[in-house]
Amino acid sequence: MTNLLEAHSLHTFIGQFHILEGVDLEVPEGSITVLLGRNGAGKTTTLKTLLGLTPPRRGKVLFAGQEIQGRQSFDIASMGIGFVPEHRAIFRDLTVEENLKIAERRKGDFGRKADLIFGLFPDLKRLIHLSGANLSGGQQQMLSVARALVPDNRLLLIDEPSEGLAPVIIEQMMKAIRELSAETTVLLVEQNFLVASQLAERYVIIEEGQSVKQGLMADLAGDKATIHRYLGAA
Amino acid sequence: MNDLRETLIRNRTRLIVLAVLAFLFISATQGMETDEWMITVLRGLAVGAVTFLVASGLSLILGLMDVLNLAHGEMFMIGAYVGWTIYVRPDTFVDVIPPLALLSVGLALAPLWRFLVARVSVSDRLARLWPWLVLVGAVAVLYLTFARFPIARWDPGVYTESPISYSLALSQGLLTPPAAPGFEGISPLAAMIGTVVGGMLLGLALAGFSARRGLTATARLPGRALAIAGLLLVVGAAVYWTNTPLTEWLFDLNTTYRFFLAMAVATLVGLILGALVEITMIRPLYARPIYQLMITLGLSFIGIEVVRAVWGRPEFTVPKPALFGGSGEGCPAEGLAALLENQCSTVLLFGSRVRTYNEIFIILVGLVVLVAVWLLLQRTRIGMIIRAGVQDREMVEALGINVRRVFTFVFALGVALAALGGILAAPSMGLSPSMGTQLLLLALIALAIGGLTSFPGAAAGAVLVGLLQQFIIKYGQIGIDLPFLAEPFKPSPPLVPASTVLLMVIILLILPQGLFGRAEH
């Protein structure tokens with residue numbers, strides 16, 4: 001399996017704060033990889049650094065074999081990376097339909113993907129003309145993932161898809177992510193270890209801005225000592 | 001049903017404020033005769049329309065890129081002065097096109113220069129030096145050629161040659177094309193070629209500077225830049241060789257058409273000016289918002305001084321176009337058909353005279369712009385990106401959209417609307433170097449009332465400010481009967497600006513985010 005995404009010793013500063021102090025990770029094509037770690041370890045910053053929203057000061061990011069660090073984030077995104085941010089970032093002044101259409105990179109993207117999207121999230125079809133301001137948290141999360149599916153993305157960066165959602169919705173979300181991973185590669189940040197362990201094939205643990213351990217999820221699940229040390233009680 | 005109730009409850013403060021405003025408006029109309037308050041309302045709407053043209057651009061720019069453009073009032077003023085030039089001195093306008101178009105040829109080729117610079121590698125010291133040498137060469141060439149293009153000009157220092165006299169001549173129908181100056185000491189062809197070469201050198205020098213700043217060049221040779229440069233070359237040359245017939249045609253044109261042309265050109269100049277200002281001054285400073293604010297403040301002073309130097313300090317009027325200037329038989333017109341036939345300056349409405357330009361045309365243009373911009377925002381992809389970007393720029397960029405390009409567009413659009421507002425207001429307000437500052441203040445108050453970054457808010461705030469101002473002015477003339485006062489109370493003129501500020505303060509105390517603004521979070 002080749003790596004769709006690789007990062008080598010990323011260092012990122014936000015203002016004067018040294019947030020990432022050496023993150024290495026690899027995301028094999030077609031897999032679901034999860035970033036684990038405590039609050040404030042630098043998981044979200046890692047996603048934003050990969051996408052160029054908080055550009056790295058040092059280090060390399062390779063996407064499909066090309067170096068992409070230092071490029072503008074719209075440039076990086078249009079190479080085929082979708083982003084589902086932590087707080088969903090649904091555009092309140094846009095309707096659900098517009099929230100999906102704005103993600104088009106070529107005319108008609110939304111039309112081509114409508115069946116896929118409404119297959120994964122049937123609720124969205126009913127809400128299509130509602131304004132983004134009137135959606136519940138779960139609906140926003142669905143829309144945010146759906147938005148990342150509109151263009152032909154090869155990689156999805158998903159930040160905390162289960163945060164603040166009811167268990168039923170989390171189930172639905174997990175099912176959707178598993179289904180879409182058949183077509184795209186996924187890099188996920190997930191605090192809920194149960195969710196993470198059921199979804200992901202690979203893991204990367206981030207601790208105080210550094211990637212300290214990575215490997216197969218199946219191995220980690222049995223390694224109580226590591227889980228306890230880096231993630232607290234799970 | 002439940003939704004409606006919830007919306008009502010959530011917006012109760014806003015609804016109460018709107019109800020109080022409506023009540024105040026109705027009671028204000030009760031102190032006057034019907035025809036008086038109708039006219040006052042029309043005047044208020046006209047002031048509101050002009051304010052809206054400035055405020056809407058200001059709010060779009062503020063909303064999308066967090067830039068408060070303090071030079072926006074001066075953009076309004078420049079629109080007015082540029083419009084006056086096309087309207088009253090079309091010969092100057094025609095003279096100015098060739099040198100500017102030819103100079104722009106080289107600048108439009110910027111991608112080509114970057115392409116070339118990126119392909120030639122020289123030693124570091126030479127790379128630091130050559131752009132300066134080329135720049136000096138460019139300035140020398142332009143001084144010898146570009147600066148010598150003959151331009152027919154007025155002279156603010158001599159009364160008979162001043163803008164005041166030309167405006168007066170136009171209003172009396174006595175405007176004739178002044179003698180056209182010719183080239184001195186240089187052949188026209190040499191001047192034109194020299195200007196193109198100078199522009200190219202200038203573009204090359206700029207490319208050299210930006211290469212040192214590490215801007216990456218495009219990999220392909222850009223065909224669109226070549227096409228634009230070719231177009232500019234053709235336009236420059238064509239206007240030069242048709243200068244005399246073009247000037248005569250413009251002078252013979254009906255003033256109505258010439259005024260519409262002036263409005264179009266002023267808008268276009270605003271568009272270009274806005275794009276240039278954003279690309280060269282605002283864009284490098286997005287990381288330093290305070291510097292952006294200072295730059296726009298500085299630009300506003302520069303704008304005022306440029307206007308004083310070119311058009312002179314004294315105020316002057318702009319004659320109304322023929323369509324709105326008639327006063328002969330059949331005027332004031334009764335009904336629309338009579339109005340269009342006799343081209344009256346006034347029309348009878350509600351039994352009194354209403355000025356067609358000041359109180360009808362301005363409002364109509366304001367409405368057209370309101371609808372056009374609203375459609376742009378709601379029905380086009382770029383409008384969708386603007387609305388999304390106002391809320392979350394980072395996410396728009398993460399979707400793969402080049403937000404910077406949208407920034408340039410919005411800044412240019414905002415300045416163009418202000419410039420249109422300038423020439424639109426000119427025939428009713430007159431021209432003066434301080435007109436921009438006054439209007440900026442009004443627009444800022446309108447913005448604060450409407451909710452800073454809300455487009456409908458800008459419109460509502462502008463109309464409120466306009467109405468309040470005009471009602472206070474009217475009551476200053478006729479007086480208000482207030483209880484416990486023997487004499488009717490007459491608000492004095494200084495109360496006019498004070499009243500709008502007071503309205504803003506009261507509304508912001510009750511609704512800190514303005515009438516249509518969203519709470520900050």
# chains A, B, ... in the order shown; residues from 1 in each chain; ligands from 1
call {"tool": "interface_residues", "arguments": {"of": "chain B", "to": "chain A", "cutoff": "6 Å", "atoms": "only C-alpha atoms", "output": "ChimeraX atom specification"}}
result
/B:388,397-402
call {"tool": "write_last_selection", "arguments": {"atoms": "N, CA and C atoms", "output": "compact mmCIF listing (two decimals), in the first residue's frame"}}
result
# COMPACT_ATOMS: atom_id res chain seq x y z
N ALA B 388 -20.48 33.53 2.43
CA ALA B 388 -19.80 32.53 3.26
C ALA B 388 -18.54 33.12 3.88
N GLU B 397 -11.54 29.05 2.23
CA GLU B 397 -10.25 28.71 1.63
C GLU B 397 -10.00 27.21 1.69
N ALA B 398 -10.41 26.59 2.81
CA ALA B 398 -10.21 25.15 2.96
C ALA B 398 -11.04 24.36 1.96
N LEU B 399 -12.02 25.01 1.34
CA LEU B 399 -12.81 24.33 0.31
C LEU B 399 -12.10 24.39 -1.05
N GLY B 400 -10.97 25.10 -1.09
CA GLY B 400 -10.24 25.18 -2.35
C GLY B 400 -10.56 26.43 -3.15
N ILE B 401 -11.11 27.45 -2.47
CA ILE B 401 -11.47 28.68 -3.18
C ILE B 401 -10.44 29.75 -2.89
N ASN B 402 -9.98 30.42 -3.93
CA ASN B 402 -8.99 31.49 -3.76
C ASN B 402 -9.68 32.75 -3.26
call {"tool": "residues_around", "arguments": {"residues": "Val189 of chain A", "least_positions_apart": "5", "cutoff": "12 Å", "atoms": "only C-alpha atoms", "output": "PyMOL selection string"}}
result
chain A and resi 32-39+41-48+83-86+156-163+195-197+199-200+202-206
call {"tool": "atom_distance", "arguments": {"atom1": "atom CA of Met200 of chain B", "atom2": "atom CA of Pro222 of chain B"}}
result
16.0 Å
call {"tool": "residues_around", "arguments": {"residues": "Val94 of chain B", "least_positions_apart": "6", "cutoff": "8 Å", "atoms": "only C-alpha atoms", "output": "MDAnalysis selection string"}}
result
chainID B and resid 239 243 246:247
call {"tool": "select_by_dssp", "arguments": {"residues": "segment 26-231 of chain A", "states": "strand (DSSP E or B)", "output": "PyMOL selection string"}}
result
chain A and resi 26-28+32-36+58-63+66-67+81-84+95+131+155-159+185-189+202-207+210-216
